[in-house]
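Novice: Got a file for you: coords_3.txt, compact mmCIF, C-alpha atoms and all ligand atoms.
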# COMPACT_ATOMS: atom_id res chain seq x y z
CA MET F 1387 -22.84 8.54 3.99
CA THR F 1388 -19.77 7.39 5.83
CA VAL F 1389 -16.66 5.61 4.62
CA LEU F 1390 -15.32 2.74 6.75
CA VAL F 1391 -11.53 2.63 6.57
CA THR F 1392 -10.06 -0.57 7.99
CA GLY F 1393 -6.41 -0.17 8.95
CA GLY F 1394 -6.90 3.60 9.11
CA ALA F 1395 -4.25 3.94 11.84
CA GLY F 1396 -1.57 2.48 9.59
CA TYR F 1397 0.74 3.98 7.00
CA ILE F 1398 -1.46 4.17 3.91
CA GLY F 1399 -4.75 4.14 5.83
CA SER F 1400 -3.83 7.23 7.85
CA HIS F 1401 -3.11 9.12 4.61
CA MET F 1402 -6.47 7.94 3.24
CA VAL F 1403 -8.28 9.31 6.29
CA LEU F 1404 -6.64 12.72 5.82
CA GLU F 1405 -7.61 12.94 2.15
CA LEU F 1406 -11.18 11.77 2.85
CA ALA F 1407 -11.54 14.28 5.68
CA ASP F 1408 -10.10 17.05 3.51
CA ALA F 1409 -12.71 16.10 0.88
CA GLY F 1410 -15.48 16.51 3.49
CA GLU F 1411 -16.29 12.80 3.90
CA LYS F 1412 -17.45 11.26 7.18
CA ILE F 1413 -15.10 8.50 8.27
CA VAL F 1414 -15.03 5.63 10.73
CA VAL F 1415 -11.75 3.79 11.21
CA LEU F 1416 -11.56 0.17 12.38
CA ASP F 1417 -8.06 -0.79 13.47
CA ASN F 1418 -6.71 -3.25 16.03
CA LEU F 1419 -3.60 -1.09 16.51
CA SER F 1420 -1.31 -4.09 15.92
CA THR F 1421 0.87 -1.93 13.68
CA GLY F 1422 -1.06 1.35 13.63
CA PHE F 1423 -1.03 4.31 16.03
CA VAL F 1424 -3.86 6.25 17.67
CA TRP F 1425 -2.03 9.54 16.98
CA ALA F 1426 -1.97 8.71 13.25
CA VAL F 1427 -5.78 8.84 13.01
CA ASP F 1428 -7.00 12.32 12.16
CA PRO F 1429 -9.44 13.52 14.85
CA ARG F 1430 -12.05 14.23 12.17
CA ALA F 1431 -12.51 10.43 11.96
CA THR F 1432 -14.09 8.18 14.59
CA LEU F 1433 -11.69 5.45 15.70
CA VAL F 1434 -13.06 2.05 16.70
CA VAL F 1435 -10.35 -0.21 18.12
CA GLY F 1436 -11.22 -3.77 17.19
CA ASP F 1437 -10.62 -6.75 14.99
CA MET F 1438 -11.83 -6.79 11.39
CA GLY F 1439 -12.24 -10.56 11.66
CA ASN F 1440 -15.13 -9.96 14.09
CA GLN F 1441 -18.00 -9.86 11.60
CA ALA F 1442 -20.59 -8.85 14.21
CA LEU F 1443 -18.44 -5.88 15.23
CA VAL F 1444 -17.96 -4.81 11.61
CA GLU F 1445 -21.73 -5.02 11.04
CA THR F 1446 -22.40 -2.92 14.16
CA VAL F 1447 -19.92 -0.28 13.05
CA ILE F 1448 -21.48 -0.18 9.57
CA ARG F 1449 -25.01 0.20 10.94
CA GLN F 1450 -24.13 2.72 13.65
CA HIS F 1451 -22.29 5.01 11.24
CA GLY F 1452 -24.40 4.61 8.10
CA VAL F 1453 -21.47 3.28 6.07
CA ASP F 1454 -21.95 3.21 2.28
CA ALA F 1455 -18.39 2.30 1.25
CA ILE F 1456 -15.53 0.27 2.70
CA ILE F 1457 -11.89 0.94 1.96
CA HIS F 1458 -10.07 -2.09 3.25
CA PHE F 1459 -6.39 -1.58 4.11
CA ALA F 1460 -5.94 -3.69 7.23
CA ALA F 1461 -3.46 -6.42 6.36
CA LYS F 1462 -0.07 -7.96 6.98
CA ILE F 1463 2.38 -6.76 4.34
CA VAL F 1464 5.92 -8.08 4.78
CA VAL F 1465 6.79 -10.59 2.06
CA PRO F 1466 9.54 -12.55 3.92
CA ASP F 1467 7.35 -12.73 7.07
CA SER F 1468 4.66 -14.33 4.95
CA VAL F 1469 7.10 -17.05 3.91
CA ALA F 1470 7.87 -17.76 7.59
CA ASP F 1471 4.23 -17.48 8.74
CA PRO F 1472 1.93 -18.31 5.82
CA LEU F 1473 -1.04 -19.28 7.99
CA GLY F 1474 -0.82 -15.97 9.86
CA TYR F 1475 -0.95 -14.19 6.50
CA TYR F 1476 -3.89 -16.24 5.21
CA LEU F 1477 -5.72 -15.56 8.48
CA ALA F 1478 -5.21 -11.78 8.36
CA ASN F 1479 -5.38 -11.13 4.64
CA THR F 1480 -7.83 -13.77 3.48
CA VAL F 1481 -9.94 -15.18 6.32
CA LYS F 1482 -10.50 -11.89 8.17
CA THR F 1483 -11.12 -10.03 4.93
CA ARG F 1484 -13.86 -12.54 4.20
CA ALA F 1485 -15.51 -11.38 7.45
CA VAL F 1486 -15.37 -7.75 6.28
CA MET F 1487 -16.92 -8.73 2.94
CA ALA F 1488 -19.61 -10.82 4.64
CA ALA F 1489 -20.43 -7.85 6.88
CA ALA F 1490 -20.73 -5.65 3.79
CA VAL F 1491 -23.11 -8.13 2.15
CA ALA F 1492 -25.17 -8.61 5.34
CA THR F 1493 -25.65 -4.87 5.85
CA GLY F 1494 -26.11 -3.91 2.19
CA VAL F 1495 -22.90 -1.90 1.71
CA LYS F 1496 -22.53 -1.63 -2.05
CA HIS F 1497 -18.99 -0.28 -2.53
CA PHE F 1498 -15.76 -2.04 -1.60
CA ILE F 1499 -12.20 -0.89 -2.35
CA PHE F 1500 -9.49 -3.43 -1.70
CA SER F 1501 -5.72 -2.97 -1.29
CA SER F 1502 -3.99 -5.54 -3.43
CA THR F 1503 -0.42 -5.69 -4.61
CA ALA F 1504 1.92 -6.04 -7.56
CA ALA F 1505 3.07 -9.20 -5.78
CA VAL F 1506 0.10 -10.99 -7.40
CA TYR F 1507 2.04 -10.87 -10.71
CA GLY F 1508 5.17 -12.54 -9.33
CA THR F 1509 7.93 -11.88 -11.84
CA PRO F 1510 6.16 -10.25 -14.79
CA LYS F 1511 7.21 -11.50 -18.21
CA VAL F 1512 6.09 -8.35 -20.03
CA MET F 1513 6.93 -4.88 -18.73
CA PRO F 1514 5.23 -2.57 -17.92
CA VAL F 1515 2.76 -5.07 -16.49
CA ALA F 1516 -0.96 -4.62 -17.21
CA GLU F 1517 -3.84 -5.99 -15.16
CA ASP F 1518 -4.58 -8.82 -17.58
CA ALA F 1519 -1.07 -10.27 -17.22
CA PRO F 1520 -0.92 -13.74 -15.67
CA THR F 1521 -1.09 -13.76 -11.88
CA GLN F 1522 1.65 -15.97 -10.44
CA PRO F 1523 2.41 -14.83 -6.90
CA GLU F 1524 5.72 -16.01 -5.51
CA SER F 1525 4.96 -15.57 -1.81
CA PRO F 1526 2.14 -16.40 0.60
CA TYR F 1527 1.66 -12.63 0.87
CA GLY F 1528 0.91 -12.34 -2.85
CA THR F 1529 -1.27 -15.45 -2.81
CA SER F 1530 -3.22 -14.26 0.24
CA LYS F 1531 -4.10 -11.05 -1.64
CA LEU F 1532 -4.92 -12.84 -4.90
CA ILE F 1533 -7.34 -15.23 -3.17
CA THR F 1534 -9.06 -12.20 -1.66
CA GLU F 1535 -9.34 -10.60 -5.11
CA TRP F 1536 -11.12 -13.77 -6.26
CA MET F 1537 -13.44 -13.79 -3.23
CA LEU F 1538 -14.38 -10.21 -3.95
CA ARG F 1539 -15.02 -10.97 -7.62
CA ASP F 1540 -17.29 -13.89 -6.73
CA ALA F 1541 -19.11 -12.03 -3.94
CA SER F 1542 -19.74 -9.11 -6.29
CA ALA F 1543 -21.17 -11.47 -8.90
CA ALA F 1544 -23.56 -12.99 -6.35
CA HIS F 1545 -24.61 -9.90 -4.40
CA ASP F 1546 -25.45 -6.22 -4.79
CA LEU F 1547 -21.80 -5.26 -4.29
CA ARG F 1548 -19.31 -3.55 -6.60
CA HIS F 1549 -15.58 -3.31 -6.01
CA VAL F 1550 -12.33 -1.76 -7.14
CA VAL F 1551 -9.18 -3.79 -6.52
CA LEU F 1552 -6.10 -1.58 -6.51
CA ARG F 1553 -2.77 -3.34 -7.05
CA TYR F 1554 -0.11 -1.24 -5.37
CA PHE F 1555 3.44 -1.05 -6.65
CA ASN F 1556 6.15 0.36 -4.32
CA VAL F 1557 4.47 2.84 -2.01
CA ALA F 1558 6.72 5.46 -0.43
CA GLY F 1559 6.82 9.06 0.79
CA ALA F 1560 4.58 10.84 3.27
CA ASP F 1561 1.88 13.46 3.52
CA PRO F 1562 3.23 16.67 1.89
CA GLN F 1563 1.89 18.65 4.87
CA GLY F 1564 3.81 16.41 7.29
CA ARG F 1565 0.72 15.15 9.13
CA THR F 1566 1.52 11.43 8.87
CA GLY F 1567 4.02 9.06 7.29
CA GLN F 1568 5.53 5.57 7.37
CA SER F 1569 6.03 5.03 11.10
CA THR F 1570 6.47 1.28 11.45
CA PRO F 1571 9.59 0.44 13.45
CA ASN F 1572 11.96 -1.93 11.63
CA ALA F 1573 10.42 -1.18 8.24
CA THR F 1574 12.29 -2.93 5.44
CA HIS F 1575 11.33 -0.81 2.45
CA LEU F 1576 14.15 0.69 0.45
CA ILE F 1577 13.41 4.42 0.66
CA LYS F 1578 12.69 4.26 4.38
CA VAL F 1579 15.85 2.24 5.05
CA ALA F 1580 18.00 4.63 2.97
CA VAL F 1581 16.59 7.74 4.66
CA GLN F 1582 17.16 6.20 8.10
CA THR F 1583 20.72 5.38 7.11
CA ALA F 1584 21.30 8.98 6.01
CA LEU F 1585 19.99 10.16 9.38
CA GLY F 1586 22.36 7.81 11.22
CA LEU F 1587 19.45 5.78 12.65
CA ARG F 1588 20.99 2.70 11.07
CA ALA F 1589 24.69 1.97 11.05
CA LYS F 1590 24.61 0.78 7.45
CA MET F 1591 22.46 -0.54 4.66
CA ASP F 1592 22.79 -3.25 2.06
CA VAL F 1593 22.09 -3.21 -1.65
CA PHE F 1594 20.64 -6.65 -2.33
CA GLY F 1595 22.13 -7.83 -5.61
CA THR F 1596 24.13 -6.01 -8.28
CA ASP F 1597 24.03 -8.64 -10.99
CA TYR F 1598 20.43 -8.34 -12.19
CA PRO F 1599 19.71 -7.98 -15.92
CA THR F 1600 18.95 -4.26 -15.52
CA PRO F 1601 20.91 -1.21 -16.76
CA ASP F 1602 23.01 -0.86 -13.57
CA GLY F 1603 22.60 -4.40 -12.24
CA THR F 1604 20.27 -3.47 -9.33
CA CYS F 1605 16.52 -4.11 -9.15
CA VAL F 1606 14.09 -1.66 -10.73
CA ARG F 1607 10.80 -0.70 -9.04
CA ASP F 1608 7.92 1.68 -9.68
CA TYR F 1609 7.84 3.94 -6.57
CA ILE F 1610 4.50 5.64 -6.03
CA HIS F 1611 3.92 8.57 -3.66
CA VAL F 1612 1.46 7.56 -0.95
CA THR F 1613 -0.61 10.72 -1.59
CA ASP F 1614 -1.06 9.74 -5.25
CA LEU F 1615 -1.97 6.23 -4.12
CA VAL F 1616 -4.75 7.47 -1.85
CA GLY F 1617 -5.83 9.73 -4.72
CA ALA F 1618 -6.50 6.55 -6.71
CA HIS F 1619 -8.78 5.38 -3.88
CA LEU F 1620 -10.72 8.65 -3.97
CA ALA F 1621 -11.11 8.20 -7.73
CA ALA F 1622 -12.26 4.60 -7.16
CA LEU F 1623 -14.82 5.75 -4.58
CA LYS F 1624 -16.20 8.30 -7.02
CA HIS F 1625 -16.34 5.63 -9.74
CA LEU F 1626 -18.29 3.21 -7.55
CA ARG F 1627 -20.69 5.81 -6.19
CA ALA F 1628 -21.42 6.93 -9.76
CA GLY F 1629 -22.46 3.35 -10.56
CA GLY F 1630 -19.18 2.29 -12.20
CA ALA F 1631 -18.48 -1.39 -12.78
CA SER F 1632 -16.21 -3.56 -10.65
CA MET F 1633 -12.62 -3.49 -11.82
CA VAL F 1634 -8.96 -4.12 -11.05
CA ALA F 1635 -6.40 -1.32 -11.55
CA ASN F 1636 -2.66 -0.97 -11.11
CA CYS F 1637 -1.31 1.86 -8.98
CA GLY F 1638 2.12 2.86 -10.20
CA TYR F 1639 3.53 5.48 -12.56
CA GLY F 1640 4.79 3.34 -15.43
CA HIS F 1641 8.45 4.17 -14.92
CA GLY F 1642 10.97 2.62 -12.61
CA TYR F 1643 14.13 3.49 -10.71
CA SER F 1644 16.97 1.17 -9.77
CA VAL F 1645 18.12 0.64 -6.20
CA LYS F 1646 21.28 2.62 -7.04
CA GLU F 1647 19.24 5.50 -8.46
CA VAL F 1648 17.11 5.61 -5.32
CA ILE F 1649 20.19 5.64 -3.08
CA ASP F 1650 21.76 8.43 -5.15
CA THR F 1651 18.55 10.45 -4.82
CA VAL F 1652 18.51 9.94 -1.04
CA ARG F 1653 22.13 11.08 -0.85
CA GLU F 1654 21.31 14.15 -2.94
CA VAL F 1655 18.21 15.11 -0.93
CA THR F 1656 19.78 14.53 2.50
CA ARG F 1657 23.26 15.74 1.45
CA VAL F 1658 24.70 12.81 3.38
CA PRO F 1659 27.08 10.65 1.33
CA PHE F 1660 26.30 7.54 3.41
CA LYS F 1661 27.99 4.32 2.50
CA VAL F 1662 26.27 1.15 1.38
CA ASP F 1663 27.38 -2.46 1.34
CA TYR F 1664 26.89 -4.55 -1.75
CA ALA F 1665 25.25 -7.76 -0.60
CA PRO F 1666 23.98 -10.90 -2.37
CA ARG F 1667 20.52 -11.00 -3.90
CA ARG F 1668 17.60 -11.09 -1.46
CA PRO F 1669 15.50 -14.25 -2.03
CA GLY F 1670 12.29 -13.63 -3.93
CA ASP F 1671 13.19 -10.28 -5.54
CA ALA F 1672 12.15 -9.84 -9.18
CA ALA F 1673 14.62 -7.93 -11.38
CA ALA F 1674 12.13 -5.27 -12.49
CA VAL F 1675 8.49 -4.54 -11.64
CA VAL F 1676 6.90 -1.55 -13.37
CA ALA F 1677 3.16 -0.83 -13.71
CA ASP F 1678 1.09 -0.05 -16.73
CA PRO F 1679 -1.27 2.51 -15.11
CA THR F 1680 -3.43 3.15 -18.21
CA ARG F 1681 -6.56 1.64 -16.70
CA ALA F 1682 -6.48 3.76 -13.52
CA LYS F 1683 -5.98 6.87 -15.61
CA THR F 1684 -8.57 6.20 -18.29
CA ILE F 1685 -11.36 4.47 -16.37
CA LEU F 1686 -10.95 6.00 -12.90
CA GLY F 1687 -9.66 9.36 -14.15
CA TRP F 1688 -6.71 9.10 -11.74
CA LYS F 1689 -4.31 12.03 -12.05
CA PRO F 1690 -1.03 11.49 -10.20
CA ALA F 1691 0.67 14.71 -9.07
CA HIS F 1692 3.78 13.63 -7.16
CA GLU F 1693 5.71 11.50 -9.64
CA ASP F 1694 9.10 13.03 -9.01
CA LEU F 1695 11.36 10.63 -7.08
CA ASN F 1696 13.04 13.64 -5.45
CA GLU F 1697 9.71 14.76 -4.02
CA ILE F 1698 8.95 11.27 -2.72
CA VAL F 1699 12.32 11.05 -0.98
CA GLN F 1700 12.00 14.58 0.43
CA ALA F 1701 8.64 13.71 1.96
CA ALA F 1702 10.00 10.46 3.44
CA TYR F 1703 13.02 12.35 4.82
CA ALA F 1704 10.92 15.13 6.37
CA TRP F 1705 8.69 12.56 8.04
CA GLU F 1706 11.60 10.49 9.34
CA ARG F 1707 13.09 13.58 10.99
CA ARG F 1708 9.75 14.40 12.56
CA LEU F 1709 9.38 10.82 13.77
CA ALA F 1710 12.81 10.94 15.38
CA ASN F 1711 11.49 13.83 17.53
CA GLY F 1712 8.35 11.93 18.54
CA PRO F 1713 5.18 12.45 16.49
CA GLY F 1714 1.68 13.01 17.76
N1 LIG K 1 16.45 -3.20 -1.20
C1 LIG K 1 17.80 -3.10 -0.92
N2 LIG K 1 18.16 -2.82 0.37
C2 LIG K 1 17.28 -2.65 1.38
C3 LIG K 1 15.89 -2.74 1.09
C4 LIG K 1 15.53 -3.02 -0.22
O1 LIG K 1 18.64 -3.27 -1.80
O2 LIG K 1 17.68 -2.42 2.53
C5 LIG K 1 16.02 -3.48 -2.56
C6 LIG K 1 15.24 -4.78 -2.69
O3 LIG K 1 16.11 -5.87 -2.84
C7 LIG K 1 14.39 -4.51 -3.92
C8 LIG K 1 14.14 -2.99 -3.86
O4 LIG K 1 15.14 -2.48 -2.99
O5 LIG K 1 15.12 -4.79 -5.06
C9 LIG K 1 12.78 -2.65 -3.31
O6 LIG K 1 12.57 -3.38 -2.11
P1 LIG K 1 11.42 -3.07 -1.07
O7 LIG K 1 11.60 -4.00 0.08
O8 LIG K 1 11.36 -1.61 -0.80
O9 LIG K 1 10.09 -3.42 -1.86
P2 LIG K 1 9.69 -4.75 -2.68
O10 LIG K 1 9.82 -4.41 -4.12
O11 LIG K 1 10.38 -5.95 -2.23
O12 LIG K 1 8.20 -4.96 -2.23
C10 LIG K 1 7.16 -4.15 -2.65
C11 LIG K 1 6.09 -4.06 -1.59
C12 LIG K 1 5.45 -5.38 -1.41
C13 LIG K 1 4.96 -5.89 -2.74
C14 LIG K 1 6.06 -5.91 -3.76
C15 LIG K 1 5.51 -6.28 -5.09
O13 LIG K 1 6.64 -3.61 -0.39
O14 LIG K 1 4.36 -5.25 -0.52
O15 LIG K 1 6.65 -4.65 -3.84
O16 LIG K 1 6.44 -6.18 -6.11
F1 LIG K 1 4.50 -7.14 -2.61
Starting from the file, lay out its structure as structure tokens.
Ligand code: UFG

Specialist:
Amino acid sequence: MTVLVTGGAGYIGSHMVLELADAGEKIVVLDNLSTGFVWAVDPRATLVVGDMGNQALVETVIRQHGVDAIIHFAAKIVVPDSVADPLGYYLANTVKTRAVMAAAVATGVKHFIFSSTAAVYGTPKVMPVAEDAPTQPESPYGTSKLITEWMLRDASAAHDLRHVVLRYFNVAGADPQGRTGQSTPNATHLIKVAVQTALGLRAKMDVFGTDYPTPDGTCVRDYIHVTDLVGAHLAALKHLRAGGASMVANCGYGHGYSVKEVIDTVREVTRVPFKVDYAPRRPGDAAAVVADPTRAKTILGWKPAHEDLNEIVQAAYAWERRLANGPG
């Protein structure tokens, strides 16, 4: 049995490959290297460079490697980019994912794990947000993922296919052993930006909005360590292979930190009292987004082990220093 990891050369996918390999799984990675790196793929996995939208290629890879489960990461993920280029996002996240699903159905793969996002909720009205909350995405990115959730639901109803949709909250940090991390140039995510600012890789950083209805006026998010996130995928794989039913589960911790709290933690960890500019709100930001992770814990048996924000920032910092010296 082999696991096909699409996007396995990317940030989260490369962590997934490490955890699968450490667990003794056979792995084949399909990645077009548009944002991933060859060096990020653990040599215990086979790397196929190609496009997930090529259904014939996906079918060949599945047959050649005896794939029994697909963990599908490959996607475009930058919310403002999706506003500027919606059709590019629907092509990558919806149309090409349909090809991966069709390949799974055509070859008889029964297990499918899909990377979705908290962005499908838009601005949640009730916090923490549970999976049965209304889905009202506020960006083409969120919509492109929600449509794919629906496709997967319908395909599973029609065919011998079961799935777990994992809705990620704010993924951050890096492999505790320093083997991979968030390596995308020009990343926009808060912890990465703050760590780069502390290291002097950026001249300055902005805090987007200080007048939100939150305790300190800055946005609150549920930051999840990437290693815990991939742990949820391992739990999902086990669930599906044991015959578990299709389901949707949030991946977050159930507690949030404000932008100011994150920046203070980065200053503490790096011991650099870098300055920040207070800027206007960034369009499209919800005031607070925090997960209710009960379902992942009770049904999948997910046990997060890296909930401490300090640990997340330390891992991101260690990786950023390594990256500055040239990884791989
Ligand atoms: N922020 C700053 N300065 C920065 C970067 C971010 O103040 O330089 C703030 C943002 O305004 C926001 C918070 O930090 O309030 C977190 O922003 P991120 O860009 O790190 O993450 P988002 O919450 O915008 O986005 C994340 C995922 C998306 C997902 C979304 C769902 O990256 O993929 O959560 O809520 F869609």

Novice: Within 12 Å of (16.6, -4.5, -8.5), all atoms listed in the file: residues as an mmCIF file with C-alpha atoms, in the frame of the given file?

Specialist:
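New file result.cif:
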data_model
loop_
_atom_site.group_PDB
_atom_site.id
_atom_site.type_symbol
_atom_site.label_atom_id
_atom_site.label_comp_id
_atom_site.auth_asym_id
_atom_site.auth_seq_id
_atom_site.Cartn_x
_atom_site.Cartn_y
_atom_site.Cartn_z
ATOM 1 C CA THR F 1509 7.930 -11.880 -11.840
ATOM 2 C CA LEU F 1576 14.150 0.690 0.450
ATOM 3 C CA VAL F 1593 22.090 -3.210 -1.650
ATOM 4 C CA PHE F 1594 20.640 -6.650 -2.330
ATOM 5 C CA GLY F 1595 22.130 -7.830 -5.610
ATOM 6 C CA THR F 1596 24.130 -6.010 -8.280
ATOM 7 C CA ASP F 1597 24.030 -8.640 -10.990
ATOM 8 C CA TYR F 1598 20.430 -8.340 -12.190
ATOM 9 C CA PRO F 1599 19.710 -7.980 -15.920
ATOM 10 C CA THR F 1600 18.950 -4.260 -15.520
ATOM 11 C CA PRO F 1601 20.910 -1.210 -16.760
ATOM 12 C CA ASP F 1602 23.010 -0.860 -13.570
ATOM 13 C CA GLY F 1603 22.600 -4.400 -12.240
ATOM 14 C CA THR F 1604 20.270 -3.470 -9.330
ATOM 15 C CA CYS F 1605 16.520 -4.110 -9.150
ATOM 16 C CA VAL F 1606 14.090 -1.660 -10.730
ATOM 17 C CA ARG F 1607 10.800 -0.700 -9.040
ATOM 18 C CA ASP F 1608 7.920 1.680 -9.680
ATOM 19 C CA GLY F 1642 10.970 2.620 -12.610
ATOM 20 C CA TYR F 1643 14.130 3.490 -10.710
ATOM 21 C CA SER F 1644 16.970 1.170 -9.770
ATOM 22 C CA VAL F 1645 18.120 0.640 -6.200
ATOM 23 C CA LYS F 1646 21.280 2.620 -7.040
ATOM 24 C CA GLU F 1647 19.240 5.500 -8.460
ATOM 25 C CA VAL F 1648 17.110 5.610 -5.320
ATOM 26 C CA PRO F 1666 23.980 -10.900 -2.370
ATOM 27 C CA ARG F 1667 20.520 -11.000 -3.900
ATOM 28 C CA ARG F 1668 17.600 -11.090 -1.460
ATOM 29 C CA PRO F 1669 15.500 -14.250 -2.030
ATOM 30 C CA GLY F 1670 12.290 -13.630 -3.930
ATOM 31 C CA ASP F 1671 13.190 -10.280 -5.540
ATOM 32 C CA ALA F 1672 12.150 -9.840 -9.180
ATOM 33 C CA ALA F 1673 14.620 -7.930 -11.380
ATOM 34 C CA ALA F 1674 12.130 -5.270 -12.490
ATOM 35 C CA VAL F 1675 8.490 -4.540 -11.640
ATOM 36 C CA VAL F 1676 6.900 -1.550 -13.370
#

Novice: Neighbours of region 1624-1627 of chain F within 10 Å (all atoms listed in the file; same-chain residues fewer than 3 positions away dropped), as a compact mmCIF listing (two decimals) with C-alpha atoms, in the frame of the given file?

Specialist:
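Saved as out_12.txt:
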# COMPACT_ATOMS: atom_id res chain seq x y z
CA ASP F 1454 -21.95 3.21 2.28
CA ALA F 1455 -18.39 2.30 1.25
CA LYS F 1496 -22.53 -1.63 -2.05
CA HIS F 1497 -18.99 -0.28 -2.53
CA PHE F 1498 -15.76 -2.04 -1.60
CA ILE F 1499 -12.20 -0.89 -2.35
CA LEU F 1547 -21.80 -5.26 -4.29
CA ARG F 1548 -19.31 -3.55 -6.60
CA HIS F 1549 -15.58 -3.31 -6.01
CA VAL F 1550 -12.33 -1.76 -7.14
CA ALA F 1618 -6.50 6.55 -6.71
CA HIS F 1619 -8.78 5.38 -3.88
CA LEU F 1620 -10.72 8.65 -3.97
CA ALA F 1621 -11.11 8.20 -7.73
CA GLY F 1630 -19.18 2.29 -12.20
CA ALA F 1631 -18.48 -1.39 -12.78
CA SER F 1632 -16.21 -3.56 -10.65
CA MET F 1633 -12.62 -3.49 -11.82
CA ILE F 1685 -11.36 4.47 -16.37
CA LEU F 1686 -10.95 6.00 -12.90
CA GLY F 1687 -9.66 9.36 -14.15

Novice: With distances taken over all atoms listed in the file, which residue among F:Asp1546, F:Asn1572, F:Val1435, F:Thr1483 lies nearest Leu1532 (chain F)?

Specialist: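 When distances to Leu1532 (chain F) are compared using all atoms listed in the file, the smallest one comes from F:Thr1483.
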
Novice: Just to confirm, what's the straight-line distance from CA of Asp1467 (chain F) to CA of Ser1525 (chain F) in Å (one decimal)?

Specialist: 9.6 Å

Novice: Around all listed atoms of ligand LIG 1 (chain K), padded 3 Å per side, what centre and edge lengths does the axis-aligned box have in Å to one decimal, as AutoDock Vina command-line options?

Specialist:
--center_x 11.5 --center_y -4.4 --center_z -1.8 --size_x 20.3 --size_y 11.5 --size_z 14.6

Novice: Could you check which residues have any atom within 10 Å of (-4.9, 4.2, 16.9), counting all atoms listed in the file with coordinates taken straight from the file, and then list them as JSON, numbers by chain?

Specialist: {"F": [1393, 1394, 1395, 1396, 1400, 1415, 1416, 1417, 1418, 1419, 1420, 1421, 1422, 1423, 1424, 1425, 1426, 1427, 1428, 1433, 1434, 1435]}

Novice: How far is it from atom O8 of ligand LIG 1 (chain K) to CA of Ala1622 (chain F), in Å with one decimal?

Specialist: 25.2 Å

Novice: When distances are computed from only C-alpha atoms and all ligand atoms, which of F:Glu1411, F:Glu1706, F:Asp1437, F:Asp1592 shows the smallest separation from ligand LIG 1 (chain K)?

Specialist: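 Of the candidates, the smallest distance to ligand LIG 1 (chain K) is held by F:Asp1592.
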
Novice: From the set F:Lys1578, F:Arg1430, F:Lys1482, F:Arg1565, which residue has the shortest atom-to-atom contact distance to Ile1698 (chain F), counting only C-alpha atoms?

Specialist: F:Lys1578

Novice: Kindly indicate which residue among F:Val1662, F:Ala1682, F:Ala1489, F:Ile1413 lies nearest to ligand LIG 1 (chain K), using only C-alpha atoms and all ligand atoms for the distances.

Specialist: F:Val1662

Novice: Report the distance between CA of Lys1412 (chain F) and CA of Val1453 (chain F) in Å, rounded to one decimal place.

Specialist: 9.0 Å

Novice: Looking at F:Ile1533, F:Val1655, F:Val1515, F:Ile1649, which one is nearest to Arg1681 (chain F), with distances taken over only C-alpha atoms?

Specialist: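 Checking each candidate against Arg1681 (chain F), we get F:Val1515 as the closest.
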
Novice: Nearest residue to ligand LIG 1 (chain K) out of F:Thr1570, F:Thr1613, F:Thr1392, F:Thr1503, using all atoms listed in the file?

Specialist: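 Once distances to ligand LIG 1 (chain K) are computed over all atoms listed in the file, the minimum belongs to F:Thr1503.
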
Novice: Can you tell me, as a PyMOL selection string, what residues are no more than 8 Å from Gly1439 (chain F) when counting all atoms listed in the file, ignoring any on the same chain fewer than 5 positions away?

Specialist: chain F and resi 1478+1481-1486
